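Content type TSV, C-alpha atoms, from the file data-v8.tsv:
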```tsv
chain	number	residue	atom	x	y	z
A	65	MET	CA	-31.38	32.51	10.90
A	66	THR	CA	-29.83	30.82	7.86
A	67	THR	CA	-31.82	28.70	5.51
A	68	ASP	CA	-30.70	25.51	3.85
A	69	PRO	CA	-30.36	26.18	0.11
A	70	ASN	CA	-31.64	22.66	-0.57
A	71	GLN	CA	-34.82	23.24	1.42
A	72	LEU	CA	-37.85	23.36	-0.85
A	73	SER	CA	-40.45	26.10	-1.06
A	74	ARG	CA	-44.13	25.17	-1.16
A	75	ARG	CA	-44.20	25.47	-4.96
A	76	GLU	CA	-40.98	23.47	-5.34
A	77	ARG	CA	-42.51	20.70	-3.19
A	78	GLN	CA	-45.59	20.74	-5.42
A	79	ILE	CA	-43.40	20.40	-8.50
A	80	MET	CA	-41.48	17.51	-6.95
A	81	GLU	CA	-44.79	15.80	-6.13
A	82	VAL	CA	-45.81	16.10	-9.79
A	83	ILE	CA	-42.47	14.70	-10.97
A	84	TYR	CA	-42.67	11.79	-8.50
A	85	ALA	CA	-46.30	11.07	-9.44
A	86	HIS	CA	-45.47	10.97	-13.16
A	87	GLY	CA	-41.98	9.53	-12.82
A	88	ARG	CA	-40.85	12.06	-15.43
A	89	ALA	CA	-42.48	15.18	-16.86
A	90	THR	CA	-41.98	18.13	-19.16
A	91	ALA	CA	-42.44	21.72	-17.98
A	92	ALA	CA	-45.84	21.80	-19.71
A	93	GLU	CA	-46.93	18.59	-17.94
A	94	VAL	CA	-45.77	19.96	-14.60
A	95	ARG	CA	-47.62	23.24	-15.17
A	96	LYS	CA	-50.81	21.40	-16.14
A	97	SER	CA	-50.69	19.39	-12.89
A	98	LEU	CA	-50.09	22.30	-10.51
A	99	PRO	CA	-52.86	23.98	-8.56
A	100	ASP	CA	-53.19	27.65	-9.54
A	101	PRO	CA	-50.31	27.23	-12.00
A	102	PRO	CA	-47.80	30.01	-12.56
A	103	SER	CA	-46.68	30.98	-16.05
A	104	TYR	CA	-44.83	28.47	-18.22
A	105	SER	CA	-41.61	30.48	-17.89
A	106	ALA	CA	-41.96	30.52	-14.09
A	107	VAL	CA	-42.32	26.72	-14.08
A	108	ARG	CA	-39.22	26.44	-16.29
A	109	ALA	CA	-37.30	28.69	-13.88
A	110	MET	CA	-38.35	26.60	-10.88
A	111	LEU	CA	-37.35	23.40	-12.67
A	112	ARG	CA	-33.90	24.92	-13.31
A	113	ILE	CA	-33.64	25.87	-9.63
A	114	LEU	CA	-34.56	22.32	-8.61
A	115	GLU	CA	-31.89	21.06	-11.00
A	116	ASP	CA	-29.33	23.44	-9.49
A	117	LYS	CA	-30.25	22.21	-6.01
A	118	GLY	CA	-29.68	18.64	-7.20
A	119	HIS	CA	-33.27	17.40	-6.92
A	120	LEU	CA	-33.87	16.97	-10.67
A	121	PHE	CA	-32.02	16.28	-13.87
A	122	HIS	CA	-33.26	16.46	-17.43
A	123	GLU	CA	-33.03	14.46	-20.61
A	124	SER	CA	-33.67	15.84	-24.07
A	125	ASP	CA	-36.68	14.50	-25.94
A	126	GLY	CA	-36.42	16.26	-29.26
A	127	PRO	CA	-36.84	19.96	-28.55
A	128	ARG	CA	-38.27	19.35	-25.05
A	129	TYR	CA	-36.59	18.68	-21.75
A	130	VAL	CA	-38.03	15.86	-19.67
A	131	PHE	CA	-37.32	16.20	-15.95
A	132	LEU	CA	-36.67	13.28	-13.62
A	133	PRO	CA	-35.91	13.10	-9.88
A	134	THR	CA	-32.30	12.44	-8.88
A	135	THR	CA	-33.35	10.55	-5.76
A	136	PRO	CA	-35.93	7.79	-5.36
A	137	ARG	CA	-39.05	9.00	-3.57
A	138	GLU	CA	-38.49	6.77	-0.52
A	139	GLN	CA	-34.97	8.12	-0.02
A	140	ALA	CA	-36.16	11.73	-0.39
A	141	ARG	CA	-39.00	11.07	2.06
A	142	GLU	CA	-36.59	9.60	4.62
A	143	THR	CA	-34.19	12.54	4.30
A	144	ALA	CA	-37.03	15.05	4.71
A	145	LEU	CA	-38.45	13.21	7.71
A	146	ARG	CA	-35.05	13.05	9.40
A	147	GLY	CA	-34.76	16.82	8.92
A	148	ILE	CA	-38.19	17.41	10.46
A	149	VAL	CA	-37.43	15.15	13.43
A	150	GLN	CA	-34.11	16.92	13.98
A	151	THR	CA	-35.51	20.44	13.58
A	152	PHE	CA	-38.84	20.21	15.38
A	153	PHE	CA	-38.40	17.30	17.78
A	154	GLY	CA	-34.79	17.66	18.92
A	155	GLY	CA	-33.81	14.54	17.02
A	156	SER	CA	-36.27	12.39	19.00
A	157	PRO	CA	-38.32	9.97	16.89
A	158	GLU	CA	-40.35	9.20	20.02
A	159	SER	CA	-41.41	12.85	20.32
A	160	ALA	CA	-42.32	12.94	16.63
A	161	VAL	CA	-44.47	9.80	16.88
A	162	ALA	CA	-46.12	11.11	20.05
A	163	ALA	CA	-46.96	14.37	18.26
A	164	LEU	CA	-48.50	12.45	15.38
A	165	LEU	CA	-50.59	10.41	17.80
A	166	ASP	CA	-51.74	13.63	19.50
A	167	LEU	CA	-53.12	15.16	16.29
A	168	ASP	CA	-56.85	15.79	16.18
A	169	ASP	CA	-57.25	13.21	13.43
A	170	GLU	CA	-58.03	9.98	15.21
A	171	LEU	CA	-56.40	6.76	14.07
A	172	ASP	CA	-58.76	3.85	13.73
A	173	ALA	CA	-58.15	0.55	15.52
A	174	GLU	CA	-56.65	-1.05	12.40
A	175	ALA	CA	-54.12	1.75	11.94
A	176	LEU	CA	-53.11	1.56	15.61
A	177	GLU	CA	-52.71	-2.21	15.29
A	178	ARG	CA	-50.46	-1.78	12.23
A	179	LEU	CA	-48.36	0.77	14.11
A	180	ALA	CA	-48.08	-1.56	17.10
A	181	GLY	CA	-46.87	-4.29	14.73
A	182	ARG	CA	-44.23	-1.95	13.26
A	183	ILE	CA	-43.04	-1.05	16.75
A	184	GLU	CA	-42.80	-4.74	17.65
A	185	ASP	CA	-40.84	-5.43	14.45
A	186	ALA	CA	-38.45	-2.58	15.32
A	187	ARG	CA	-37.91	-4.10	18.79
A	188	LYS	CA	-37.11	-7.48	17.28
A	189	GLU	CA	-34.61	-5.87	14.91
A	190	GLY	CA	-32.96	-4.06	17.82
A	191	ARG	CA	-33.93	-0.57	16.72
```

Could you spell out this file's structure in structure tokens?
Amino acid sequence: MTTDPNQLSRRERQIMEVIYAHGRATAAEVRKSLPDPPSYSAVRAMLRILEDKGHLFHESDGPRYVFLPTTPREQARETALRGIVQTFFGGSPESAVAALLDLDDELDAEALERLAGRIEDARKEGR
């Protein structure tokens, strides 16, 4: 089985969450925001890896590097979700939505109503 070099590890996803939450962050800020943080040099190494994968870029702020995402959060979310639907649900959005609805966590009536409205909007738009 081959792995996609752009796929993120758990720790890389955590780092990206920190960057998205802050909009931009230094290695020290990232480390401070991580649960059970690794060493500063490990965070720096992971930031470099994320840069090499094309998820981050950096700007110099005096002696520090400030890291920023290369892709807006919504676009990254959509790309990740498409990958999950393709990998785990055979490319079927219907199967993915059905699986979400089958989770143990119950959706309240308001959430179901909002989802029904989104489905109706999609119908009207011809999707």

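Atom CA of Ala92 of chain A is positioned 13.9 Å from atom CA of His122 of chain A.
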
Q) Near Thr134 of chain A, counting only C-alpha atoms, which residues have an atom at most 7 Å away, once you skip same-chain residues fewer than 4 positions from it, shown as a list in words? A)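 Within the cut-off, the hits are Gly118, His119, Leu120 and Phe121 of chain A.
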
In terms of all atoms listed in the file, the residue from A:Glu177, A:Glu189, A:Glu158, A:Glu81 at minimal distance from Leu132 of chain A is A:Glu81

message = Could you tell me how far atom CA of Ala163 of chain A sits from atom CA of Thr135 of chain A, in Å to one decimal place?
response =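 Calculated distance between atom CA of Thr135 of chain A and atom CA of Ala163 of chain A is 27.9 Å.
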
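We find atom CA of Gln78 of chain A and atom CA of Val94 of chain A to be spaced 9.2 Å apart.
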
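Residue nearest Ala91 of chain A within the list A:Ile183, A:Leu72, A:Ala140, A:Leu111: A:Leu111 [criterion: smallest interatomic distance, all atoms listed in the file].
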
Which of A:Asp185, A:Glu93, A:Glu123, A:Glu76 sits closest to Met110 of chain A [using all atoms listed in the file]: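 The answer is A:Glu76, which sits nearest to Met110 of chain A.
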
Min atom-atom distance to Glu115 of chain A from the set A:Ala175, A:Leu98, A:Ile79, A:Ile148, counting all atoms listed in the file, belongs to A:Ile79

message = Taking only C-alpha atoms into account, name the residue in A:Arg75, A:Gly155, A:Ser124, A:Leu167 that is nearest to Pro99 of chain A.
response =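 Ranked by minimum distance to Pro99 of chain A, first place goes to A:Arg75.
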
Among A:Gln71, A:Thr90, A:Ala186, A:Pro127, Thr143 of chain A is approached most closely, using all atoms listed in the file, by A:Gln71
